[in-house]
$ cat work.pdb   # PDB, C-alpha atoms
ATOM      1  CA  MET G 212     -23.881  42.760  -3.515
ATOM      2  CA  LYS G 213     -24.907  39.321  -4.557
ATOM      3  CA  GLU G 214     -23.793  36.052  -3.116
ATOM      4  CA  VAL G 215     -23.948  32.959  -5.283
ATOM      5  CA  GLU G 216     -23.316  29.401  -4.241
ATOM      6  CA  LEU G 217     -22.024  26.990  -6.810
ATOM      7  CA  ASP G 218     -22.514  23.358  -5.936
ATOM      8  CA  CYS G 219     -19.655  21.339  -7.375
ATOM      9  CA  TYR G 220     -19.777  18.397  -4.989
ATOM     10  CA  GLY G 221     -18.772  15.209  -6.728
ATOM     11  CA  GLU G 222     -17.341  16.962  -9.744
ATOM     12  CA  ALA G 223     -13.814  16.120 -10.718
ATOM     13  CA  CYS G 224     -11.246  18.634 -11.711
ATOM     14  CA  PRO G 225     -11.407  20.607 -14.017
ATOM     15  CA  VAL G 226     -15.215  20.856 -13.978
ATOM     16  CA  PRO G 227     -15.417  23.042 -10.831
ATOM     17  CA  LEU G 228     -12.856  25.400 -12.298
ATOM     18  CA  VAL G 229     -14.677  25.802 -15.612
ATOM     19  CA  LYS G 230     -18.004  26.253 -13.834
ATOM     20  CA  ALA G 231     -16.495  28.870 -11.545
ATOM     21  CA  GLN G 232     -14.953  30.699 -14.497
ATOM     22  CA  ASN G 233     -18.271  30.806 -16.357
ATOM     23  CA  LYS G 234     -20.267  31.807 -13.293
ATOM     24  CA  LEU G 235     -17.883  34.566 -12.313
ATOM     25  CA  LYS G 236     -17.994  35.988 -15.826
ATOM     26  CA  GLU G 237     -21.716  36.739 -15.520
ATOM     27  CA  MET G 238     -21.379  38.265 -12.053
ATOM     28  CA  GLU G 239     -20.636  41.843 -11.167
ATOM     29  CA  VAL G 240     -17.705  43.408  -9.391
ATOM     30  CA  GLY G 241     -18.135  43.079  -5.658
ATOM     31  CA  ASP G 242     -20.267  39.944  -5.900
ATOM     32  CA  VAL G 243     -19.181  36.895  -3.989
ATOM     33  CA  LEU G 244     -19.053  33.418  -5.450
ATOM     34  CA  ILE G 245     -18.885  30.430  -3.150
ATOM     35  CA  VAL G 246     -17.673  27.322  -4.890
ATOM     36  CA  GLN G 247     -18.379  24.158  -2.946
ATOM     37  CA  ILE G 248     -16.032  21.354  -3.806
ATOM     38  CA  ASP G 249     -14.922  17.986  -2.526
ATOM     39  CA  HIS G 250     -12.194  17.301  -5.052
ATOM     40  CA  SER G 251      -8.898  18.126  -3.457
ATOM     41  CA  CYS G 252      -7.309  18.955  -6.795
ATOM     42  CA  ALA G 253      -9.930  21.604  -7.521
ATOM     43  CA  MET G 254      -9.281  23.013  -4.068
ATOM     44  CA  LYS G 255      -5.854  23.854  -5.432
ATOM     45  CA  ASN G 256      -6.513  25.114  -8.932
ATOM     46  CA  VAL G 257      -9.671  27.147  -8.354
ATOM     47  CA  PRO G 258      -8.003  29.468  -5.807
ATOM     48  CA  GLU G 259      -4.833  29.569  -7.875
ATOM     49  CA  TRP G 260      -6.719  30.701 -10.959
ATOM     50  CA  ALA G 261      -8.843  33.233  -9.064
ATOM     51  CA  ARG G 262      -5.843  34.787  -7.324
ATOM     52  CA  LYS G 263      -4.018  35.038 -10.624
ATOM     53  CA  GLU G 264      -7.024  36.886 -12.037
ATOM     54  CA  GLY G 265      -6.732  39.320  -9.142
ATOM     55  CA  HIS G 266      -9.814  38.379  -7.120
ATOM     56  CA  ASN G 267     -10.004  38.059  -3.360
ATOM     57  CA  VAL G 268      -9.954  34.407  -2.422
ATOM     58  CA  GLU G 269     -10.465  32.445   0.744
ATOM     59  CA  VAL G 270     -10.595  28.719   1.255
ATOM     60  CA  GLU G 271     -12.487  27.157   4.109
ATOM     61  CA  GLU G 272     -12.491  23.499   4.942
ATOM     62  CA  ILE G 273     -16.055  23.049   6.103
ATOM     63  CA  ASP G 274     -15.773  19.337   6.686
ATOM     64  CA  ASP G 275     -13.241  16.578   6.154
ATOM     65  CA  GLY G 276     -12.565  16.672   2.443
ATOM     66  CA  GLU G 277     -15.137  19.381   1.693
ATOM     67  CA  TRP G 278     -14.167  22.934   0.965
ATOM     68  CA  GLU G 279     -15.712  26.254   0.141
ATOM     69  CA  VAL G 280     -13.714  28.542  -2.065
ATOM     70  CA  ILE G 281     -14.992  32.065  -1.536
ATOM     71  CA  ILE G 282     -14.212  34.399  -4.398
ATOM     72  CA  GLU G 283     -14.920  38.102  -4.326
ATOM     73  CA  LYS G 284     -14.980  39.460  -7.836
ATOM     74  CA  MET G 285     -12.601  42.383  -8.022
ATOM     75  CA  LYS G 286     -12.737  43.420 -11.645
TER      76      LYS G 286
ATOM     77  CA  MET W  76     -22.924  39.697  12.781
ATOM     78  CA  SER W  77     -19.276  40.213  12.474
ATOM     79  CA  ASP W  78     -19.347  41.270   8.881
ATOM     80  CA  VAL W  79     -16.304  43.443   9.022
ATOM     81  CA  ASN W  80     -15.581  44.344   5.477
ATOM     82  CA  SER W  81     -12.305  44.854   3.793
ATOM     83  CA  SER W  82     -12.536  45.019   0.067
ATOM     84  CA  THR W  83      -8.977  45.538  -0.985
ATOM     85  CA  GLY W  84      -5.965  43.350  -1.078
ATOM     86  CA  SER W  85      -5.742  39.641  -0.723
ATOM     87  CA  SER W  86      -6.594  38.333   2.652
ATOM     88  CA  PRO W  87      -4.438  35.719   4.276
ATOM     89  CA  SER W  88      -6.735  34.954   7.164
ATOM     90  CA  GLY W  89     -10.373  33.958   7.069
ATOM     91  CA  GLY W  90     -13.376  36.157   7.448
ATOM     92  CA  SER W  91     -12.459  39.281   5.578
ATOM     93  CA  ILE W  92     -14.645  38.725   2.563
ATOM     94  CA  ARG W  93     -18.082  39.937   3.430
ATOM     95  CA  ARG W  94     -20.573  37.139   3.360
ATOM     96  CA  SER W  95     -24.214  36.842   4.094
ATOM     97  CA  SER W  96     -24.879  36.420   7.746
ATOM     98  CA  ARG W  97     -26.756  33.176   7.563
ATOM     99  CA  SER W  98     -25.183  30.930  10.077
ATOM    100  CA  ARG W  99     -23.196  28.181   8.570
ATOM    101  CA  SER W 100     -23.900  24.995  10.334
ATOM    102  CA  ARG W 101     -20.538  23.460  10.714
ATOM    103  CA  LYS W 102     -20.302  19.850  11.597
ATOM    104  CA  LYS W 103     -17.892  19.091  14.349
ATOM    105  CA  LYS W 104     -14.927  17.359  12.830
ATOM    106  CA  LYS W 105     -14.163  13.909  13.984
ATOM    107  CA  ASN W 106     -10.789  13.342  15.525
ATOM    108  CA  GLN W 107      -8.944  11.256  12.983
ATOM    109  CA  LEU W 108      -5.896  10.624  15.116
ATOM    110  CA  PRO W 109      -6.955   7.168  16.406
ATOM    111  CA  ILE W 110      -7.682   6.042  12.839
ATOM    112  CA  GLY W 111      -4.289   7.339  11.749
ATOM    113  CA  VAL W 112      -2.461   5.497  14.513
ATOM    114  CA  ALA W 113      -4.368   2.298  13.769
ATOM    115  CA  LEU W 114      -3.576   2.648  10.071
ATOM    116  CA  LEU W 115       0.104   3.198  10.770
ATOM    117  CA  ALA W 116       0.180   0.071  12.940
ATOM    118  CA  LEU W 117      -1.584  -1.830  10.175
ATOM    119  CA  ILE W 118       0.909  -0.604   7.587
ATOM    120  CA  VAL W 119       3.863  -1.666   9.719
ATOM    121  CA  ALA W 120       2.263  -5.029  10.528
ATOM    122  CA  PHE W 121       1.566  -5.716   6.871
ATOM    123  CA  GLY W 122       5.141  -4.698   6.022
ATOM    124  CA  ILE W 123       6.487  -7.176   8.548
ATOM    125  CA  PHE W 124       4.173  -9.833   7.170
ATOM    126  CA  LEU W 125       5.459  -9.164   3.651
ATOM    127  CA  GLY W 126       9.018  -9.313   4.959
ATOM    128  CA  THR W 127       8.487 -12.875   6.099
ATOM    129  CA  ARG W 128       7.423 -13.789   2.565
ATOM    130  CA  ASN W 129       9.661 -11.825   0.259
ATOM    131  CA  GLU W 130      12.052  -9.003   1.069
ATOM    132  CA  GLN W 131      11.508  -7.295  -2.262
ATOM    133  CA  LEU W 132       7.814  -6.912  -1.537
ATOM    134  CA  VAL W 133       8.668  -4.792   1.521
ATOM    135  CA  LEU W 134      10.604  -2.397  -0.683
ATOM    136  CA  PHE W 135       7.659  -2.160  -3.084
ATOM    137  CA  TRP W 136       5.297  -1.644  -0.158
ATOM    138  CA  ILE W 137       7.374   1.231   1.239
ATOM    139  CA  THR W 138       8.115   2.931  -2.081
ATOM    140  CA  GLY W 139       4.490   2.556  -3.157
ATOM    141  CA  LEU W 140       3.214   4.174   0.019
ATOM    142  CA  ALA W 141       5.827   6.913  -0.187
ATOM    143  CA  PHE W 142       4.934   7.575  -3.803
ATOM    144  CA  GLY W 143       1.239   7.830  -2.996
ATOM    145  CA  TYR W 144       1.862  10.066  -0.010
ATOM    146  CA  ILE W 145       4.016  12.488  -1.988
ATOM    147  CA  LEU W 146       1.637  12.457  -4.938
ATOM    148  CA  GLN W 147      -1.312  13.285  -2.718
ATOM    149  CA  HIS W 148       0.308  15.921  -0.568
ATOM    150  CA  ALA W 149       2.177  17.643  -3.364
ATOM    151  CA  ARG W 150      -0.978  17.711  -5.517
ATOM    152  CA  PHE W 151       1.295  16.447  -8.219
ATOM    153  CA  CYS W 152      -1.007  15.921 -11.156
ATOM    154  CA  PHE W 153       0.205  14.992 -14.604
ATOM    155  CA  THR W 154      -3.220  15.747 -16.015
ATOM    156  CA  ALA W 155      -3.178  19.276 -14.669
ATOM    157  CA  ALA W 156       0.380  19.700 -15.918
ATOM    158  CA  CYS W 157      -0.835  19.094 -19.464
ATOM    159  CA  ARG W 158      -4.231  20.739 -19.131
ATOM    160  CA  ASP W 159      -3.806  23.871 -17.044
ATOM    161  CA  PRO W 160      -1.647  25.768 -19.555
ATOM    162  CA  TYR W 161      -4.724  25.848 -21.816
ATOM    163  CA  LEU W 162      -7.374  26.124 -19.160
ATOM    164  CA  THR W 163      -5.962  28.619 -16.688
ATOM    165  CA  GLY W 164      -2.647  29.654 -18.162
ATOM    166  CA  GLY W 165      -0.910  28.365 -15.066
ATOM    167  CA  THR W 166       2.188  26.291 -15.679
ATOM    168  CA  ASN W 167       3.467  25.647 -12.146
ATOM    169  CA  LEU W 168       2.640  21.945 -12.354
ATOM    170  CA  THR W 169       4.013  21.707 -15.873
ATOM    171  CA  LYS W 170       7.307  23.049 -14.624
ATOM    172  CA  ALA W 171       7.235  20.702 -11.644
ATOM    173  CA  VAL W 172       6.753  17.726 -13.957
ATOM    174  CA  LEU W 173       9.621  18.902 -16.157
ATOM    175  CA  VAL W 174      11.881  19.218 -13.121
ATOM    176  CA  ALA W 175      10.864  15.701 -12.082
ATOM    177  CA  PHE W 176      11.732  14.461 -15.579
ATOM    178  CA  ALA W 177      15.117  16.163 -15.383
ATOM    179  CA  ILE W 178      15.919  14.591 -12.015
ATOM    180  CA  THR W 179      14.803  11.127 -13.075
ATOM    181  CA  SER W 180      16.762  11.481 -16.325
ATOM    182  CA  ILE W 181      19.934  12.026 -14.335
ATOM    183  CA  GLY W 182      19.081   9.110 -12.055
ATOM    184  CA  PHE W 183      18.337   6.800 -14.981
ATOM    185  CA  ILE W 184      21.498   7.733 -16.809
ATOM    186  CA  ALA W 185      23.525   7.079 -13.645
ATOM    187  CA  VAL W 186      22.002   3.615 -13.304
ATOM    188  CA  HIS W 187      22.493   2.854 -16.997
ATOM    189  CA  TYR W 188      26.031   4.192 -17.094
ATOM    190  CA  GLY W 189      26.903   2.164 -13.994
ATOM    191  CA  ALA W 190      25.618  -0.975 -15.669
ATOM    192  CA  HIS W 191      27.500  -0.049 -18.841
ATOM    193  CA  LEU W 192      30.785   0.339 -16.917
ATOM    194  CA  ARG W 193      30.371  -2.989 -15.196
ATOM    195  CA  GLY W 194      29.355  -4.620 -18.450
ATOM    196  CA  ALA W 195      26.172  -5.725 -16.753
ATOM    197  CA  PRO W 196      22.927  -6.084 -18.698
ATOM    198  CA  MET W 197      21.172  -2.755 -18.965
ATOM    199  CA  PRO W 198      18.373  -2.526 -16.408
ATOM    200  CA  GLY W 199      15.134  -1.598 -18.087
ATOM    201  CA  SER W 200      16.448  -2.135 -21.597
ATOM    202  CA  ALA W 201      13.224  -3.974 -22.404
ATOM    203  CA  TYR W 202      11.515  -0.578 -22.209
ATOM    204  CA  ILE W 203      13.540   0.898 -25.041
ATOM    205  CA  VAL W 204      10.825   0.464 -27.595
ATOM    206  CA  PRO W 205      10.340   1.838 -31.091
ATOM    207  CA  ILE W 206       8.731   5.223 -31.526
ATOM    208  CA  SER W 207       6.460   6.085 -34.398
ATOM    209  CA  ALA W 208       3.345   8.050 -35.170
ATOM    210  CA  ALA W 209       1.564   5.468 -33.020
ATOM    211  CA  THR W 210       3.310   6.915 -29.952
ATOM    212  CA  ALA W 211       2.032  10.390 -30.705
ATOM    213  CA  ILE W 212      -1.496   9.229 -31.561
ATOM    214  CA  GLY W 213      -1.644   7.070 -28.446
ATOM    215  CA  ALA W 214      -0.374   9.913 -26.275
ATOM    216  CA  PHE W 215      -2.996  12.247 -27.725
ATOM    217  CA  MET W 216      -5.782   9.754 -27.020
ATOM    218  CA  PHE W 217      -4.488   9.196 -23.504
ATOM    219  CA  GLY W 218      -4.482  12.958 -23.003
ATOM    220  CA  ILE W 219      -8.137  13.264 -24.013
ATOM    221  CA  GLY W 220      -9.021  10.377 -21.730
ATOM    222  CA  MET W 221      -7.239  11.689 -18.689
ATOM    223  CA  VAL W 222      -8.716  15.163 -18.958
ATOM    224  CA  ILE W 223     -12.245  13.750 -19.231
ATOM    225  CA  SER W 224     -11.822  11.225 -16.424
ATOM    226  CA  GLY W 225     -10.087  13.756 -14.206
ATOM    227  CA  GLY W 226      -6.817  11.970 -13.721
ATOM    228  CA  CYS W 227      -4.094   9.895 -15.289
ATOM    229  CA  ALA W 228      -3.250   6.460 -13.944
ATOM    230  CA  SER W 229      -1.437   7.529 -10.792
ATOM    231  CA  GLY W 230      -3.796  10.450 -10.238
ATOM    232  CA  THR W 231      -6.874   8.249 -10.430
ATOM    233  CA  LEU W 232      -5.396   5.761  -7.957
ATOM    234  CA  MET W 233      -4.423   8.578  -5.618
ATOM    235  CA  ARG W 234      -7.873  10.204  -5.677
ATOM    236  CA  VAL W 235      -9.680   6.927  -5.166
ATOM    237  CA  GLY W 236      -7.454   6.348  -2.158
ATOM    238  CA  GLU W 237      -8.272   9.836  -1.000
ATOM    239  CA  GLY W 238     -11.947   8.943  -1.031
ATOM    240  CA  PHE W 239     -13.192  10.675  -4.163
ATOM    241  CA  THR W 240     -15.751   8.052  -5.072
ATOM    242  CA  MET W 241     -16.648   9.350  -8.516
ATOM    243  CA  GLN W 242     -13.277   8.286  -9.784
ATOM    244  CA  LEU W 243     -13.951   4.699  -8.801
ATOM    245  CA  LEU W 244     -15.728   4.810 -12.138
ATOM    246  CA  SER W 245     -12.559   6.037 -13.819
ATOM    247  CA  LEU W 246     -10.606   3.308 -12.059
ATOM    248  CA  PHE W 247     -13.026   0.631 -13.225
ATOM    249  CA  PHE W 248     -12.832   1.669 -16.866
ATOM    250  CA  PHE W 249      -9.116   2.256 -16.537
ATOM    251  CA  VAL W 250      -8.815  -1.416 -15.601
ATOM    252  CA  VAL W 251     -11.188  -2.464 -18.396
ATOM    253  CA  GLY W 252      -9.230  -0.429 -20.943
ATOM    254  CA  SER W 253      -5.906  -1.757 -19.731
ATOM    255  CA  LEU W 254      -7.129  -5.343 -19.960
ATOM    256  CA  TRP W 255      -8.464  -4.759 -23.447
ATOM    257  CA  GLY W 256      -5.201  -3.121 -24.436
ATOM    258  CA  ALA W 257      -3.194  -6.005 -23.000
ATOM    259  CA  HIS W 258      -5.436  -8.468 -24.818
ATOM    260  CA  ASP W 259      -4.733  -6.910 -28.227
ATOM    261  CA  PHE W 260      -1.210  -5.740 -27.527
ATOM    262  CA  GLY W 261       0.429  -8.578 -29.446
ATOM    263  CA  TRP W 262      -1.275  -7.531 -32.670
ATOM    264  CA  TRP W 263      -0.418  -3.859 -32.205
ATOM    265  CA  LYS W 264       3.166  -4.675 -31.382
ATOM    266  CA  LEU W 265       3.602  -6.879 -34.431
ATOM    267  CA  ASN W 266       1.792  -4.686 -36.945
ATOM    268  CA  VAL W 267       2.313  -1.148 -35.684
ATOM    269  CA  ILE W 268       4.871  -0.688 -32.944
ATOM    270  CA  LEU W 269       7.676  -2.744 -34.433
ATOM    271  CA  GLN W 270       7.385  -0.755 -37.680
ATOM    272  CA  GLY W 271       9.004   2.150 -35.873
ATOM    273  CA  LYS W 272      12.596   2.627 -34.918
ATOM    274  CA  ALA W 273      13.946   2.201 -31.390
ATOM    275  CA  VAL W 274      16.098   5.121 -30.321
ATOM    276  CA  TYR W 275      18.432   4.903 -27.363
ATOM    277  CA  LEU W 276      19.926   8.347 -26.833
ATOM    278  CA  PRO W 277      23.355   7.214 -25.526
ATOM    279  CA  ASP W 278      23.795   5.200 -28.748
ATOM    280  CA  VAL W 279      23.118   8.291 -30.816
ATOM    281  CA  PHE W 280      24.808  11.077 -28.870
ATOM    282  CA  GLY W 281      27.160   9.213 -26.561
ATOM    283  CA  TRP W 282      26.737   9.221 -22.784
ATOM    284  CA  VAL W 283      27.542  12.875 -22.151
ATOM    285  CA  GLY W 284      25.688  13.967 -25.260
ATOM    286  CA  ALA W 285      22.574  12.069 -24.219
ATOM    287  CA  VAL W 286      22.446  13.825 -20.841
ATOM    288  CA  VAL W 287      23.098  17.223 -22.412
ATOM    289  CA  VAL W 288      20.507  16.796 -25.174
ATOM    290  CA  GLN W 289      17.857  15.473 -22.815
ATOM    291  CA  LEU W 290      18.381  18.173 -20.206
ATOM    292  CA  LEU W 291      18.555  20.852 -22.896
ATOM    293  CA  ILE W 292      15.185  19.824 -24.317
ATOM    294  CA  ILE W 293      13.674  19.803 -20.826
ATOM    295  CA  ALA W 294      15.199  23.216 -20.094
ATOM    296  CA  LEU W 295      13.759  24.650 -23.316
ATOM    297  CA  LEU W 296      10.328  23.274 -22.441
ATOM    298  CA  TRP W 297      10.664  24.773 -18.961
ATOM    299  CA  ILE W 298      11.477  28.184 -20.407
ATOM    300  CA  ALA W 299       8.584  27.867 -22.841
ATOM    301  CA  ALA W 300       6.233  27.008 -19.958
ATOM    302  CA  ASP W 301       7.501  29.965 -17.964
ATOM    303  CA  LYS W 302       7.033  32.367 -20.881
ATOM    304  CA  TRP W 303       3.598  30.926 -21.586
ATOM    305  CA  ALA W 304       2.431  31.644 -18.019
ATOM    306  CA  ASP W 305       3.724  35.218 -18.251
ATOM    307  CA  LYS W 306       1.959  35.765 -21.545
ATOM    308  CA  LYS W 307      -1.301  34.293 -20.259
ATOM    309  CA  SER W 308      -1.295  36.353 -17.072
ATOM    310  CA  GLN W 309      -0.756  39.524 -19.086
ATOM    311  CA  GLU W 310      -3.727  38.698 -21.311
ATOM    312  CA  ALA W 311      -5.944  38.179 -18.301
TER     313      ALA W 311
END
$ encode --input "work.pdb" --output "structure tokens"
Amino acid sequence: MKEVELDCYGEACPVPLVKAQNKLKEMEVGDVLIVQIDHSCAMKNVPEWARKEGHNVEVEEIDDGEWEVIIEKMK
Amino acid sequence: MSDVNSSTGSSPSGGSIRRSSRSRSRKKKKNQLPIGVALLALIVAFGIFLGTRNEQLVLFWITGLAFGYILQHARFCFTAACRDPYLTGGTNLTKAVLVAFAITSIGFIAVHYGAHLRGAPMPGSAYIVPISAATAIGAFMFGIGMVISGGCASGTLMRVGEGFTMQLLSLFFFVVGSLWGAHDFGWWKLNVILQGKAVYLPDVFGWVGAVVVQLLIIALLWIAADKWADKKSQEA
């Protein structure tokens, strides 16, 4: 199992989403992707997309206005 | 290490996705309550100050704040409404925007019809402007701009207020572009915009017809958005 961190601090929506999509594509089932974001809009659409794709998703607010979206690739 | 693993199902609470055990240094969050109370007092004080000058300004102050608050907390994003159907296949925001259009349409028609009954001048009639290919081209360019800059006008303002500093850049060039546009607007209006034809739906379809046609178009778009999301999620 691999764990990858994707630094998207300072990137506006939809850049974090596209980056997460591309990164997750090259990962394997069971791997965990941690997307670090500070754009509140991306905090909404990254989890929404990942859940729709059927992955396990958790969102953690690690600081005021900074989040980690943890995605476990399921398929 | 409490790496209890559960690999199936979506997890509502934290900690069920297995993660590496490296300790995450978590900064202690500052208590923002005092700042919030101070800000609220400031907002009220400024409202009272405005009230001594001009009562209308108080209304603008309150509606502006309310608008920003709702926009921020609802994550209402016109950019995402136009962009996400392509990018993620999600159309929740698109549908939300369409519902907002439907509600405001009814509100607008009520205001206009009221003015019509009283024989009063139509509020906002100055905004009934000609449409032409320029409208479509301009809308397309605006769409490209807002996707690149990460927000439309209201979205950019909201995110700057939220503290997303990168979009201060968007705000700056948004102001520059608006000023440039305002500077040349006379020429565009004379040579391009006025070549089109102004359409006021109640003149064309009558009052009831205008409401029906408008809401019907919005309903069709809503259904299309709904179907689109279904189709996209099946492809995925």
$ atom_distance --input "work.pdb" --atom1 "CA of Ile181 (chain W)" --atom2 "CA of Gln289 (chain W)"
9.4 Å
$ resolve_selection --input "work.pdb" --expression "the PyMOL selection byres ((chain G and resi 254-269) around 6)" --output "PyMOL selection string"
(chain G and resi 228+251-253+270+280-285) or (chain W and resi 85)
$ closest_residue --input "work.pdb" --among "G:Lys230, G:Val240, G:Trp278, G:His250" --to "chain W" --atoms "all atoms listed in the file"
G:His250
$ resolve_selection --input "work.pdb" --expression "the PyMOL selection byres ((chain G and resi 217) around 9)" --output "ChimeraX atom specification"
/G:215-216,218-219,227,230-231,234,244-248
$ atom_distance --input "work.pdb" --atom1 "CA of Arg234 (chain W)" --atom2 "CA of Leu173 (chain W)"
22.2 Å
$ closest_residue --input "work.pdb" --among "W:Ile268, W:Ala155, W:Leu192, W:Ala209" --to "Cys227 (chain W)" --atoms "all atoms listed in the file"
W:Ala155
$ resolve_selection --input "work.pdb" --expression "the PyMOL selection byres ((chain W and resi 156) around 7)" --output "list in words"
Cys152, Phe153, Thr154, Ala155, Cys157, Arg158, Asp159, Thr166, Leu168, Thr169 and Val172 of chain W
$ write_last_selection --input "work.pdb" --atoms "C-alpha atoms" --output "mmCIF file, in the frame of the given file"
data_model
loop_
_atom_site.group_PDB
_atom_site.id
_atom_site.type_symbol
_atom_site.label_atom_id
_atom_site.label_comp_id
_atom_site.auth_asym_id
_atom_site.auth_seq_id
_atom_site.Cartn_x
_atom_site.Cartn_y
_atom_site.Cartn_z
ATOM 1 C CA CYS W 152 -1.007 15.921 -11.156
ATOM 2 C CA PHE W 153 0.205 14.992 -14.604
ATOM 3 C CA THR W 154 -3.220 15.747 -16.015
ATOM 4 C CA ALA W 155 -3.178 19.276 -14.669
ATOM 5 C CA CYS W 157 -0.835 19.094 -19.464
ATOM 6 C CA ARG W 158 -4.231 20.739 -19.131
ATOM 7 C CA ASP W 159 -3.806 23.871 -17.044
ATOM 8 C CA THR W 166 2.188 26.291 -15.679
ATOM 9 C CA LEU W 168 2.640 21.945 -12.354
ATOM 10 C CA THR W 169 4.013 21.707 -15.873
ATOM 11 C CA VAL W 172 6.753 17.726 -13.957
#
$ atom_distance --input "work.pdb" --atom1 "CA of Leu146 (chain W)" --atom2 "CA of Met233 (chain W)"
7.2 Å
$ closest_residue --input "work.pdb" --among "W:Ala201, W:Ile223, W:Ala211, W:Leu296" --to "chain G" --atoms "all atoms listed in the file"
W:Ile223
$ build_atoms --input "work.pdb" --residues "region 159-176 of chain W" --atoms "N, CA and C atoms" --output "PDB file, in the coordinates of the input"
ATOM      1  N   ASP W 159      -3.673  22.519 -17.580  1.00  0.00           N
ATOM      2  CA  ASP W 159      -3.806  23.871 -17.044  1.00  0.00           C
ATOM      3  C   ASP W 159      -3.205  24.966 -17.922  1.00  0.00           C
ATOM      4  N   PRO W 160      -2.127  24.702 -18.676  1.00  0.00           N
ATOM      5  CA  PRO W 160      -1.647  25.768 -19.555  1.00  0.00           C
ATOM      6  C   PRO W 160      -2.738  26.289 -20.487  1.00  0.00           C
ATOM      7  N   TYR W 161      -3.635  25.409 -20.952  1.00  0.00           N
ATOM      8  CA  TYR W 161      -4.724  25.848 -21.816  1.00  0.00           C
ATOM      9  C   TYR W 161      -5.850  26.452 -21.006  1.00  0.00           C
ATOM     10  N   LEU W 162      -6.153  25.790 -19.884  1.00  0.00           N
ATOM     11  CA  LEU W 162      -7.374  26.124 -19.160  1.00  0.00           C
ATOM     12  C   LEU W 162      -7.210  27.381 -18.317  1.00  0.00           C
ATOM     13  N   THR W 163      -6.134  27.480 -17.594  1.00  0.00           N
ATOM     14  CA  THR W 163      -5.962  28.619 -16.688  1.00  0.00           C
ATOM     15  C   THR W 163      -4.738  29.453 -17.032  1.00  0.00           C
ATOM     16  N   GLY W 164      -3.878  28.928 -17.863  1.00  0.00           N
ATOM     17  CA  GLY W 164      -2.647  29.654 -18.162  1.00  0.00           C
ATOM     18  C   GLY W 164      -1.581  29.448 -17.106  1.00  0.00           C
ATOM     19  N   GLY W 165      -1.897  28.638 -16.102  1.00  0.00           N
ATOM     20  CA  GLY W 165      -0.910  28.365 -15.066  1.00  0.00           C
ATOM     21  C   GLY W 165      -0.008  27.210 -15.477  1.00  0.00           C
ATOM     22  N   THR W 166       1.286  27.360 -15.258  1.00  0.00           N
ATOM     23  CA  THR W 166       2.188  26.291 -15.679  1.00  0.00           C
ATOM     24  C   THR W 166       3.059  25.800 -14.520  1.00  0.00           C
ATOM     25  N   ASN W 167       2.650  26.093 -13.292  1.00  0.00           N
ATOM     26  CA  ASN W 167       3.467  25.647 -12.146  1.00  0.00           C
ATOM     27  C   ASN W 167       3.653  24.141 -12.142  1.00  0.00           C
ATOM     28  N   LEU W 168       2.545  23.405 -12.385  1.00  0.00           N
ATOM     29  CA  LEU W 168       2.640  21.945 -12.354  1.00  0.00           C
ATOM     30  C   LEU W 168       3.425  21.430 -13.547  1.00  0.00           C
ATOM     31  N   THR W 169       3.254  22.104 -14.696  1.00  0.00           N
ATOM     32  CA  THR W 169       4.013  21.707 -15.873  1.00  0.00           C
ATOM     33  C   THR W 169       5.502  21.782 -15.582  1.00  0.00           C
ATOM     34  N   LYS W 170       5.890  22.877 -14.935  1.00  0.00           N
ATOM     35  CA  LYS W 170       7.307  23.049 -14.624  1.00  0.00           C
ATOM     36  C   LYS W 170       7.764  22.008 -13.600  1.00  0.00           C
ATOM     37  N   ALA W 171       6.881  21.713 -12.655  1.00  0.00           N
ATOM     38  CA  ALA W 171       7.235  20.702 -11.644  1.00  0.00           C
ATOM     39  C   ALA W 171       7.467  19.348 -12.301  1.00  0.00           C
ATOM     40  N   VAL W 172       6.597  19.007 -13.262  1.00  0.00           N
ATOM     41  CA  VAL W 172       6.753  17.726 -13.957  1.00  0.00           C
ATOM     42  C   VAL W 172       8.065  17.720 -14.748  1.00  0.00           C
ATOM     43  N   LEU W 173       8.379  18.841 -15.390  1.00  0.00           N
ATOM     44  CA  LEU W 173       9.621  18.902 -16.157  1.00  0.00           C
ATOM     45  C   LEU W 173      10.834  18.739 -15.245  1.00  0.00           C
ATOM     46  N   VAL W 174      10.778  19.374 -14.067  1.00  0.00           N
ATOM     47  CA  VAL W 174      11.881  19.218 -13.121  1.00  0.00           C
ATOM     48  C   VAL W 174      12.005  17.758 -12.691  1.00  0.00           C
ATOM     49  N   ALA W 175      10.838  17.120 -12.461  1.00  0.00           N
ATOM     50  CA  ALA W 175      10.864  15.701 -12.082  1.00  0.00           C
ATOM     51  C   ALA W 175      11.495  14.867 -13.191  1.00  0.00           C
ATOM     52  N   PHE W 176      11.141  15.177 -14.453  1.00  0.00           N
ATOM     53  CA  PHE W 176      11.732  14.461 -15.579  1.00  0.00           C
ATOM     54  C   PHE W 176      13.244  14.654 -15.601  1.00  0.00           C
TER      55      PHE W 176
END
